[in-house]
file final.txt (compact mmCIF, C-alpha atoms)
# COMPACT_ATOMS: atom_id res chain seq x y z
CA ALA P 1 14.75 -14.23 13.28
CA GLN P 2 14.25 -14.23 9.56
CA THR P 3 17.18 -13.94 7.19
CA VAL P 4 17.50 -13.51 3.45
CA THR P 5 20.55 -14.65 1.51
CA GLN P 6 21.57 -13.73 -2.01
CA SER P 7 24.66 -15.76 -2.77
CA GLN P 8 25.52 -14.14 -6.09
CA PRO P 9 27.08 -10.69 -5.62
CA GLU P 10 27.29 -10.22 -9.38
CA MET P 11 25.87 -11.88 -12.47
CA SER P 12 26.28 -11.25 -16.18
CA VAL P 13 23.97 -12.13 -19.04
CA GLN P 14 24.06 -11.60 -22.76
CA GLU P 15 21.34 -9.44 -24.18
CA ALA P 16 18.30 -11.53 -25.18
CA GLU P 17 19.42 -14.44 -23.00
CA THR P 18 17.87 -15.70 -19.77
CA VAL P 19 19.36 -15.30 -16.32
CA THR P 20 18.30 -16.58 -12.92
CA LEU P 21 19.09 -14.76 -9.69
CA SER P 22 19.05 -16.80 -6.51
CA CYS P 23 17.51 -15.99 -3.15
CA THR P 24 17.06 -18.17 -0.13
CA TYR P 25 15.48 -17.26 3.14
CA ASP P 26 15.01 -18.64 6.58
CA THR P 27 11.82 -18.34 8.58
CA SER P 28 9.64 -20.33 10.91
CA GLU P 29 6.53 -18.53 9.72
CA SER P 30 4.08 -20.04 7.29
CA ASP P 31 2.60 -16.87 5.89
CA TYR P 32 4.76 -14.14 4.41
CA TYR P 33 5.50 -12.12 1.31
CA LEU P 34 8.56 -12.22 -0.88
CA PHE P 35 9.67 -9.46 -3.20
CA TRP P 36 12.24 -8.73 -5.85
CA TYR P 37 13.23 -5.10 -6.21
CA LYS P 38 15.38 -3.60 -8.93
CA GLN P 39 17.61 -0.60 -8.34
CA PRO P 40 19.16 1.01 -11.42
CA PRO P 41 22.22 3.18 -10.75
CA SER P 42 21.30 6.29 -8.76
CA ARG P 43 17.62 5.51 -9.03
CA GLN P 44 15.01 4.30 -6.61
CA MET P 45 14.26 0.68 -5.91
CA ILE P 46 11.37 -0.47 -8.05
CA LEU P 47 9.23 -3.48 -7.31
CA VAL P 48 9.75 -6.15 -9.96
CA ILE P 49 7.59 -8.94 -8.66
CA ARG P 50 6.06 -10.26 -5.46
CA GLN P 51 4.86 -13.59 -4.21
CA GLU P 52 2.46 -14.43 -1.41
CA ALA P 53 3.61 -17.54 0.40
CA TYR P 54 0.13 -19.04 0.53
CA LYS P 55 -0.04 -19.06 -3.26
CA GLN P 56 1.44 -22.12 -4.87
CA GLN P 57 1.46 -20.60 -8.32
CA ASN P 58 4.65 -18.79 -9.23
CA ALA P 59 4.23 -15.08 -9.90
CA THR P 60 5.01 -13.71 -13.34
CA GLU P 61 5.28 -10.17 -14.67
CA ASN P 62 6.02 -10.03 -18.37
CA ARG P 63 9.65 -11.16 -18.79
CA PHE P 64 10.10 -11.68 -15.06
CA SER P 65 9.06 -14.82 -13.25
CA VAL P 66 9.89 -16.48 -9.98
CA ASN P 67 10.52 -20.03 -8.95
CA PHE P 68 9.07 -20.18 -5.44
CA GLN P 69 9.96 -23.34 -3.57
CA LYS P 70 8.38 -22.95 -0.15
CA ALA P 71 9.70 -26.16 1.36
CA ALA P 72 13.22 -25.35 0.22
CA LYS P 73 12.78 -21.68 1.19
CA SER P 74 13.99 -20.59 -2.18
CA PHE P 75 12.76 -17.67 -4.28
CA SER P 76 14.70 -17.22 -7.49
CA LEU P 77 14.05 -14.60 -10.16
CA LYS P 78 14.21 -15.48 -13.83
CA ILE P 79 14.63 -12.74 -16.38
CA SER P 80 13.89 -13.82 -19.91
CA ASP P 81 15.00 -12.03 -23.07
CA SER P 82 17.33 -9.79 -21.07
CA GLN P 83 17.53 -6.18 -22.11
CA LEU P 84 20.17 -3.52 -21.48
CA GLY P 85 17.70 -1.74 -19.25
CA ASP P 86 17.63 -4.74 -16.92
CA ALA P 87 21.12 -3.88 -15.71
CA ALA P 88 20.73 -2.99 -12.05
CA MET P 89 21.13 -4.17 -8.49
CA TYR P 90 18.44 -6.69 -7.60
CA PHE P 91 17.31 -7.13 -4.00
CA CYS P 92 15.30 -9.99 -2.60
CA ALA P 93 13.15 -9.10 0.40
CA TYR P 94 10.95 -10.86 2.93
CA ARG P 95 8.02 -9.50 4.90
CA SER P 96 6.07 -11.33 7.55
CA ALA P 97 2.33 -11.56 7.08
CA THR P 98 1.61 -12.71 10.59
CA SER P 99 3.75 -10.88 13.09
CA GLY P 100 2.19 -7.46 12.64
CA THR P 101 5.38 -5.97 11.33
CA TYR P 102 5.61 -4.48 7.88
CA LYS P 103 9.37 -4.16 7.82
CA TYR P 104 11.27 -5.75 5.01
CA ILE P 105 14.23 -8.02 5.53
CA PHE P 106 16.61 -7.73 2.62
CA GLY P 107 19.39 -9.74 1.10
CA THR P 108 22.69 -8.13 0.14
CA GLY P 109 21.73 -7.78 -3.50
CA THR P 110 22.93 -9.11 -6.83
CA ARG P 111 24.39 -6.76 -9.40
CA LEU P 112 23.25 -7.77 -12.87
CA LYS P 113 25.26 -6.76 -15.90
CA VAL P 114 23.74 -7.10 -19.34
CA LEU P 115 26.23 -7.50 -22.16
CA ALA P 116 25.43 -6.21 -25.61
CA GLU V 117 3.89 7.55 -11.72
CA PRO V 118 4.23 8.91 -8.17
CA GLU V 119 7.67 8.61 -6.65
CA VAL V 120 9.32 8.85 -3.28
CA THR V 121 11.82 11.68 -3.41
CA GLN V 122 14.90 11.94 -1.21
CA THR V 123 17.21 14.87 -0.74
CA PRO V 124 20.10 15.37 -0.84
CA SER V 125 21.44 12.54 -2.95
CA HIS V 126 24.79 12.81 -1.18
CA GLN V 127 25.50 14.37 2.20
CA VAL V 128 28.99 14.84 3.58
CA THR V 129 29.38 15.75 7.22
CA GLN V 130 31.94 15.86 9.96
CA MET V 131 31.82 13.40 12.83
CA GLY V 132 29.74 14.77 15.68
CA GLN V 133 27.60 16.99 13.48
CA GLU V 134 23.85 16.71 13.16
CA VAL V 135 22.34 15.75 9.83
CA ILE V 136 18.79 15.70 8.57
CA LEU V 137 17.87 13.49 5.68
CA ARG V 138 14.70 14.43 3.89
CA CYS V 139 12.06 12.40 2.13
CA VAL V 140 8.85 13.27 0.37
CA PRO V 141 6.68 10.15 0.39
CA ILE V 142 3.96 9.42 -2.13
CA SER V 143 1.16 11.84 -1.35
CA ASN V 144 -1.65 9.54 -0.24
CA HIS V 145 0.56 7.11 1.66
CA LEU V 146 0.25 6.83 5.42
CA TYR V 147 3.10 4.53 6.44
CA PHE V 148 6.71 5.61 6.26
CA TYR V 149 10.00 3.82 6.70
CA TRP V 150 13.72 4.39 6.86
CA TYR V 151 16.28 1.76 5.95
CA ARG V 152 20.02 1.97 5.59
CA GLN V 153 22.69 0.05 3.74
CA ILE V 154 26.30 0.17 4.84
CA LEU V 155 28.56 -0.43 1.86
CA GLY V 156 28.73 -4.12 1.03
CA GLN V 157 26.17 -5.08 3.63
CA LYS V 158 22.45 -5.75 3.68
CA VAL V 159 19.75 -3.15 3.55
CA GLU V 160 18.62 -2.90 7.18
CA PHE V 161 15.35 -1.67 8.63
CA LEU V 162 15.62 1.34 10.93
CA VAL V 163 12.15 2.58 11.76
CA SER V 164 8.53 2.69 10.70
CA PHE V 165 6.20 5.61 11.31
CA TYR V 166 2.45 5.92 11.23
CA ASN V 167 -0.03 8.47 12.54
CA ASN V 168 2.80 10.68 13.83
CA GLU V 169 4.27 7.92 15.92
CA ILE V 170 7.02 5.40 15.63
CA SER V 171 5.33 2.04 15.18
CA GLU V 172 8.45 -0.08 15.12
CA LYS V 173 12.19 0.44 15.35
CA SER V 174 15.26 -1.71 15.17
CA GLU V 175 18.13 -1.91 17.62
CA ILE V 176 20.11 0.33 15.28
CA PHE V 177 17.64 3.16 15.87
CA ASP V 178 19.02 4.42 19.16
CA ASP V 179 18.70 7.78 20.88
CA GLN V 180 20.91 9.42 18.27
CA PHE V 181 18.18 8.92 15.69
CA SER V 182 14.80 10.58 15.42
CA VAL V 183 12.11 10.85 12.80
CA GLU V 184 9.55 13.50 12.16
CA ARG V 185 6.80 14.43 9.79
CA PRO V 186 7.03 18.20 10.21
CA ASP V 187 4.34 19.00 7.68
CA GLY V 188 1.96 17.18 5.37
CA SER V 189 4.58 16.20 2.84
CA ASN V 190 8.02 15.67 4.37
CA PHE V 191 9.36 12.80 6.42
CA THR V 192 12.78 13.35 7.97
CA LEU V 193 15.46 11.29 9.64
CA LYS V 194 17.75 13.16 12.00
CA ILE V 195 21.03 11.89 13.35
CA ARG V 196 22.04 14.08 16.27
CA SER V 197 25.76 13.43 16.51
CA THR V 198 27.05 11.48 13.56
CA LYS V 199 29.63 8.74 13.91
CA LEU V 200 31.91 7.26 11.29
CA GLU V 201 29.82 4.09 11.33
CA ASP V 202 26.72 6.04 10.31
CA SER V 203 28.19 6.33 6.83
CA ALA V 204 25.72 4.47 4.64
CA MET V 205 23.02 4.79 2.03
CA TYR V 206 19.74 5.73 3.66
CA PHE V 207 16.50 4.75 1.94
CA CYS V 208 13.09 6.17 2.64
CA ALA V 209 9.96 4.19 1.76
CA SER V 210 6.23 4.73 1.95
CA ARG V 211 3.18 2.52 1.75
CA GLY V 212 -0.49 3.04 1.17
CA ALA V 213 -3.19 1.88 3.57
CA SER V 214 -5.49 0.07 1.22
CA GLY V 215 -5.88 -1.49 -2.15
CA ARG V 216 -3.87 -4.10 -3.94
CA HIS V 217 -0.65 -2.20 -3.30
CA LYS V 218 -1.02 -1.91 0.46
CA ASN V 219 1.63 -4.53 1.08
CA ILE V 220 4.15 -2.86 -1.18
CA GLN V 221 6.69 -0.32 -0.03
CA TYR V 222 7.80 2.29 -2.53
CA PHE V 223 11.38 3.43 -2.15
CA GLY V 224 13.32 6.56 -2.87
CA ALA V 225 16.70 6.61 -4.60
CA GLY V 226 18.49 7.03 -1.30
CA THR V 227 20.80 9.54 0.35
CA ARG V 228 24.43 8.59 0.62
CA LEU V 229 25.73 9.85 3.94
CA SER V 230 29.49 10.17 4.30
CA VAL V 231 30.79 10.93 7.80
CA LEU V 232 34.38 12.15 7.86
call {"tool": "encode", "arguments": {"input": "final.txt", "output": "structure tokens"}}
result
Amino acid sequence: AQTVTQSQPEMSVQEAETVTLSCTYDTSESDYYLFWYKQPPSRQMILVIRQEAYKQQNATENRFSVNFQKAAKSFSLKISDSQLGDAAMYFCAYRSATSGTYKYIFGTGTRLKVLA
Amino acid sequence: EPEVTQTPSHQVTQMGQEVILRCVPISNHLYFYWYRQILGQKVEFLVSFYNNEISEKSEIFDDQFSVERPDGSNFTLKIRSTKLEDSAMYFCASRGASGRHKNIQYFGAGTRLSVL
């Protein structure tokens, strides 16, 4: 069975600085999707970025980028030029692309604090 | 931007009572999901629903749980006889059937269920 691990329950970053959130996963599949979702307090989870496993190029979305290391089964999120609005819980999620299931497998989340 | 809406935001109930958690998915989406997160633990998949049928469910989703799409807009999760261990945040998600976003689930803000 697939698992997703986020080893940092909480992280802090100074405004305008860069922070990296870690995510590792375990799977025997070769084709899958990985996601980072952001959940501000009392708000819905919003997709930040996604990566298809078959793509070698790391996904980027504005200030957000990932470091996808397929062999190491690592999928970290880098937030550049951190802003106060980036403060949230961040979830890493995995979805198989081959098993016919669309369910997500989540990590426990990392709470990001942005310090002014 | 369309959102998944969940009501209520917080539900308090007595053990043994029935609760219904409500979700309004994004209007043109066809696939619906429920997840839950017990405090401090991972977000866990409960059930997926398509074409008025359960398409997949986890071992958590036992006979005490049911889902329904009673009309064209709502998607509900019912817990027949709540237990203390059902206390959790429950997330609803929906997904479209086509286009570049078909692999992305859109989440609501969650309903916090407290069973006393």
call {"tool": "atom_distance", "arguments": {"input": "final.txt", "atom1": "atom CA of V:Tyr166", "atom2": "atom CA of P:Gln2"}}
result
23.4 Å
call {"tool": "interface_residues", "arguments": {"input": "final.txt", "of": "chain V", "to": "chain P", "cutoff": "6 Å", "atoms": "all atoms listed in the file", "output": "PyMOL selection string"}}
result
chain V and resi 157-159+223-225
call {"tool": "atom_distance", "arguments": {"input": "final.txt", "atom1": "atom CA of V:Glu117", "atom2": "atom CA of P:Ala116"}}
result
29.1 Å
call {"tool": "residues_around", "arguments": {"input": "final.txt", "residues": "P:Asn62", "least_positions_apart": "5", "cutoff": "12 Å", "atoms": "only C-alpha atoms", "output": "list in words"}}
result
Val48, Ile49, Lys78, Ile79, Ser80, Asp81 and Ser82 of chain P
call {"tool": "atom_distance", "arguments": {"input": "final.txt", "atom1": "atom CA of P:Leu34", "atom2": "atom CA of P:Phe75"}}
result
7.7 Å
call {"tool": "residues_around", "arguments": {"input": "final.txt", "residues": "V:Ser214", "least_positions_apart": "2", "cutoff": "12 Å", "atoms": "all atoms listed in the file", "output": "list in words"}}
result
Asn144, His145, Leu146, Tyr147, Arg211, Gly212, Arg216, His217, Lys218, Asn219 and Ile220 of chain V
call {"tool": "residues_around", "arguments": {"input": "final.txt", "residues": "P:Thr27", "least_positions_apart": "3", "cutoff": "10 Å", "atoms": "all atoms listed in the file", "output": "list in words"}}
result
Ala1, Gln2, Thr3, Val4, Ser30, Asp31, Tyr32, Lys73, Tyr94 and Ser96 of chain P
call {"tool": "closest_residue", "arguments": {"input": "final.txt", "among": "V:Ile136, V:Leu232, V:Leu155, V:Ile142", "to": "V:Met205", "atoms": "all atoms listed in the file"}}
result
V:Leu155
call {"tool": "residues_around", "arguments": {"input": "final.txt", "residues": "V:Met131", "least_positions_apart": "5", "cutoff": "9 Å", "atoms": "all atoms listed in the file", "output": "JSON, numbers by chain"}}
result
{"V": [197, 198, 199, 200, 231, 232]}
call {"tool": "residues_around", "arguments": {"input": "final.txt", "residues": "V:Ile176", "least_positions_apart": "3", "cutoff": "10 Å", "atoms": "all atoms listed in the file", "output": "list in words"}}
result
Arg152, Glu160, Phe161, Leu162, Val163, Lys173, Asp179, Gln180 and Phe181 of chain V
call {"tool": "build_atoms", "arguments": {"input": "final.txt", "residues": "stretch 211-222 of chain V", "atoms": "all heavy atoms", "output": "PDB file, in the coordinates of the input"}}
result
ATOM      1  N   ARG V 211       4.144   3.570   2.087  1.00  0.00           N
ATOM      2  CA  ARG V 211       3.180   2.520   1.750  1.00  0.00           C
ATOM      3  C   ARG V 211       1.776   3.060   1.940  1.00  0.00           C
ATOM      4  O   ARG V 211       1.514   3.804   2.891  1.00  0.00           O
ATOM      5  CB  ARG V 211       3.412   1.316   2.653  1.00  0.00           C
ATOM      6  CG  ARG V 211       2.436   0.176   2.511  1.00  0.00           C
ATOM      7  CD  ARG V 211       2.872  -1.015   3.366  1.00  0.00           C
ATOM      8  NE  ARG V 211       2.728  -0.768   4.785  1.00  0.00           N
ATOM      9  CZ  ARG V 211       1.614  -0.962   5.489  1.00  0.00           C
ATOM     10  NH1 ARG V 211       0.515  -1.358   4.881  1.00  0.00           N
ATOM     11  NH2 ARG V 211       1.596  -0.747   6.792  1.00  0.00           N
ATOM     12  N   GLY V 212       0.893   2.648   1.034  1.00  0.00           N
ATOM     13  CA  GLY V 212      -0.490   3.040   1.170  1.00  0.00           C
ATOM     14  C   GLY V 212      -1.218   2.172   2.187  1.00  0.00           C
ATOM     15  O   GLY V 212      -0.705   1.140   2.642  1.00  0.00           O
ATOM     16  N   ALA V 213      -2.435   2.572   2.525  1.00  0.00           N
ATOM     17  CA  ALA V 213      -3.190   1.880   3.570  1.00  0.00           C
ATOM     18  C   ALA V 213      -4.187   0.882   3.029  1.00  0.00           C
ATOM     19  O   ALA V 213      -4.712   0.062   3.782  1.00  0.00           O
ATOM     20  CB  ALA V 213      -3.917   2.901   4.445  1.00  0.00           C
ATOM     21  N   SER V 214      -4.450   0.946   1.747  1.00  0.00           N
ATOM     22  CA  SER V 214      -5.490   0.070   1.220  1.00  0.00           C
ATOM     23  C   SER V 214      -5.216  -0.248  -0.234  1.00  0.00           C
ATOM     24  O   SER V 214      -4.296   0.287  -0.843  1.00  0.00           O
ATOM     25  CB  SER V 214      -6.868   0.738   1.363  1.00  0.00           C
ATOM     26  OG  SER V 214      -6.883   1.952   0.630  1.00  0.00           O
ATOM     27  N   GLY V 215      -6.016  -1.135  -0.749  1.00  0.00           N
ATOM     28  CA  GLY V 215      -5.880  -1.490  -2.150  1.00  0.00           C
ATOM     29  C   GLY V 215      -4.882  -2.600  -2.375  1.00  0.00           C
ATOM     30  O   GLY V 215      -4.228  -3.078  -1.451  1.00  0.00           O
ATOM     31  N   ARG V 216      -4.735  -2.968  -3.636  1.00  0.00           N
ATOM     32  CA  ARG V 216      -3.870  -4.100  -3.940  1.00  0.00           C
ATOM     33  C   ARG V 216      -2.406  -3.803  -3.697  1.00  0.00           C
ATOM     34  O   ARG V 216      -1.578  -4.707  -3.650  1.00  0.00           O
ATOM     35  CB  ARG V 216      -4.092  -4.540  -5.397  1.00  0.00           C
ATOM     36  CG  ARG V 216      -3.740  -3.518  -6.441  1.00  0.00           C
ATOM     37  CD  ARG V 216      -4.128  -4.023  -7.833  1.00  0.00           C
ATOM     38  NE  ARG V 216      -3.316  -5.152  -8.242  1.00  0.00           N
ATOM     39  CZ  ARG V 216      -2.206  -5.061  -8.953  1.00  0.00           C
ATOM     40  NH1 ARG V 216      -1.757  -3.878  -9.328  1.00  0.00           N
ATOM     41  NH2 ARG V 216      -1.538  -6.131  -9.312  1.00  0.00           N
ATOM     42  N   HIS V 217      -2.054  -2.549  -3.526  1.00  0.00           N
ATOM     43  CA  HIS V 217      -0.650  -2.200  -3.300  1.00  0.00           C
ATOM     44  C   HIS V 217      -0.341  -1.955  -1.834  1.00  0.00           C
ATOM     45  O   HIS V 217       0.744  -1.490  -1.499  1.00  0.00           O
ATOM     46  CB  HIS V 217      -0.278  -0.959  -4.113  1.00  0.00           C
ATOM     47  CG  HIS V 217      -0.367  -1.178  -5.589  1.00  0.00           C
ATOM     48  ND1 HIS V 217       0.522  -1.972  -6.267  1.00  0.00           N
ATOM     49  CD2 HIS V 217      -1.254  -0.738  -6.505  1.00  0.00           C
ATOM     50  CE1 HIS V 217       0.187  -2.004  -7.558  1.00  0.00           C
ATOM     51  NE2 HIS V 217      -0.872  -1.265  -7.728  1.00  0.00           N
ATOM     52  N   LYS V 218      -1.245  -2.291  -0.927  1.00  0.00           N
ATOM     53  CA  LYS V 218      -1.020  -1.910   0.460  1.00  0.00           C
ATOM     54  C   LYS V 218       0.123  -2.668   1.100  1.00  0.00           C
ATOM     55  O   LYS V 218       0.653  -2.261   2.109  1.00  0.00           O
ATOM     56  CB  LYS V 218      -2.291  -2.101   1.282  1.00  0.00           C
ATOM     57  CG  LYS V 218      -2.662  -3.535   1.572  1.00  0.00           C
ATOM     58  CD  LYS V 218      -3.828  -3.598   2.544  1.00  0.00           C
ATOM     59  CE  LYS V 218      -4.148  -5.032   2.906  1.00  0.00           C
ATOM     60  NZ  LYS V 218      -5.250  -5.099   3.900  1.00  0.00           N
ATOM     61  N   ASN V 219       0.511  -3.783   0.517  1.00  0.00           N
ATOM     62  CA  ASN V 219       1.630  -4.530   1.080  1.00  0.00           C
ATOM     63  C   ASN V 219       2.952  -4.191   0.417  1.00  0.00           C
ATOM     64  O   ASN V 219       3.959  -4.843   0.694  1.00  0.00           O
ATOM     65  CB  ASN V 219       1.359  -6.025   0.955  1.00  0.00           C
ATOM     66  CG  ASN V 219       0.252  -6.458   1.884  1.00  0.00           C
ATOM     67  OD1 ASN V 219       0.244  -6.116   3.047  1.00  0.00           O
ATOM     68  ND2 ASN V 219      -0.705  -7.211   1.350  1.00  0.00           N
ATOM     69  N   ILE V 220       2.948  -3.199  -0.438  1.00  0.00           N
ATOM     70  CA  ILE V 220       4.150  -2.860  -1.180  1.00  0.00           C
ATOM     71  C   ILE V 220       4.719  -1.547  -0.674  1.00  0.00           C
ATOM     72  O   ILE V 220       4.004  -0.554  -0.556  1.00  0.00           O
ATOM     73  CB  ILE V 220       3.839  -2.746  -2.680  1.00  0.00           C
ATOM     74  CG1 ILE V 220       3.325  -4.076  -3.219  1.00  0.00           C
ATOM     75  CG2 ILE V 220       5.078  -2.300  -3.448  1.00  0.00           C
ATOM     76  CD1 ILE V 220       2.795  -3.989  -4.620  1.00  0.00           C
ATOM     77  N   GLN V 221       6.005  -1.548  -0.387  1.00  0.00           N
ATOM     78  CA  GLN V 221       6.690  -0.320  -0.030  1.00  0.00           C
ATOM     79  C   GLN V 221       7.348   0.262  -1.270  1.00  0.00           C
ATOM     80  O   GLN V 221       7.967  -0.452  -2.050  1.00  0.00           O
ATOM     81  CB  GLN V 221       7.731  -0.588   1.066  1.00  0.00           C
ATOM     82  CG  GLN V 221       7.101  -1.009   2.388  1.00  0.00           C
ATOM     83  CD  GLN V 221       8.109  -1.300   3.473  1.00  0.00           C
ATOM     84  OE1 GLN V 221       9.239  -0.829   3.458  1.00  0.00           O
ATOM     85  NE2 GLN V 221       7.685  -2.101   4.452  1.00  0.00           N
ATOM     86  N   TYR V 222       7.217   1.566  -1.410  1.00  0.00           N
ATOM     87  CA  TYR V 222       7.800   2.290  -2.530  1.00  0.00           C
ATOM     88  C   TYR V 222       8.991   3.078  -1.993  1.00  0.00           C
ATOM     89  O   TYR V 222       8.869   3.837  -1.034  1.00  0.00           O
ATOM     90  CB  TYR V 222       6.769   3.217  -3.163  1.00  0.00           C
ATOM     91  CG  TYR V 222       5.653   2.456  -3.831  1.00  0.00           C
ATOM     92  CD1 TYR V 222       4.577   1.979  -3.100  1.00  0.00           C
ATOM     93  CD2 TYR V 222       5.696   2.177  -5.194  1.00  0.00           C
ATOM     94  CE1 TYR V 222       3.559   1.255  -3.697  1.00  0.00           C
ATOM     95  CE2 TYR V 222       4.674   1.461  -5.806  1.00  0.00           C
ATOM     96  CZ  TYR V 222       3.618   0.999  -5.050  1.00  0.00           C
ATOM     97  OH  TYR V 222       2.625   0.272  -5.655  1.00  0.00           O
TER      98      TYR V 222
END
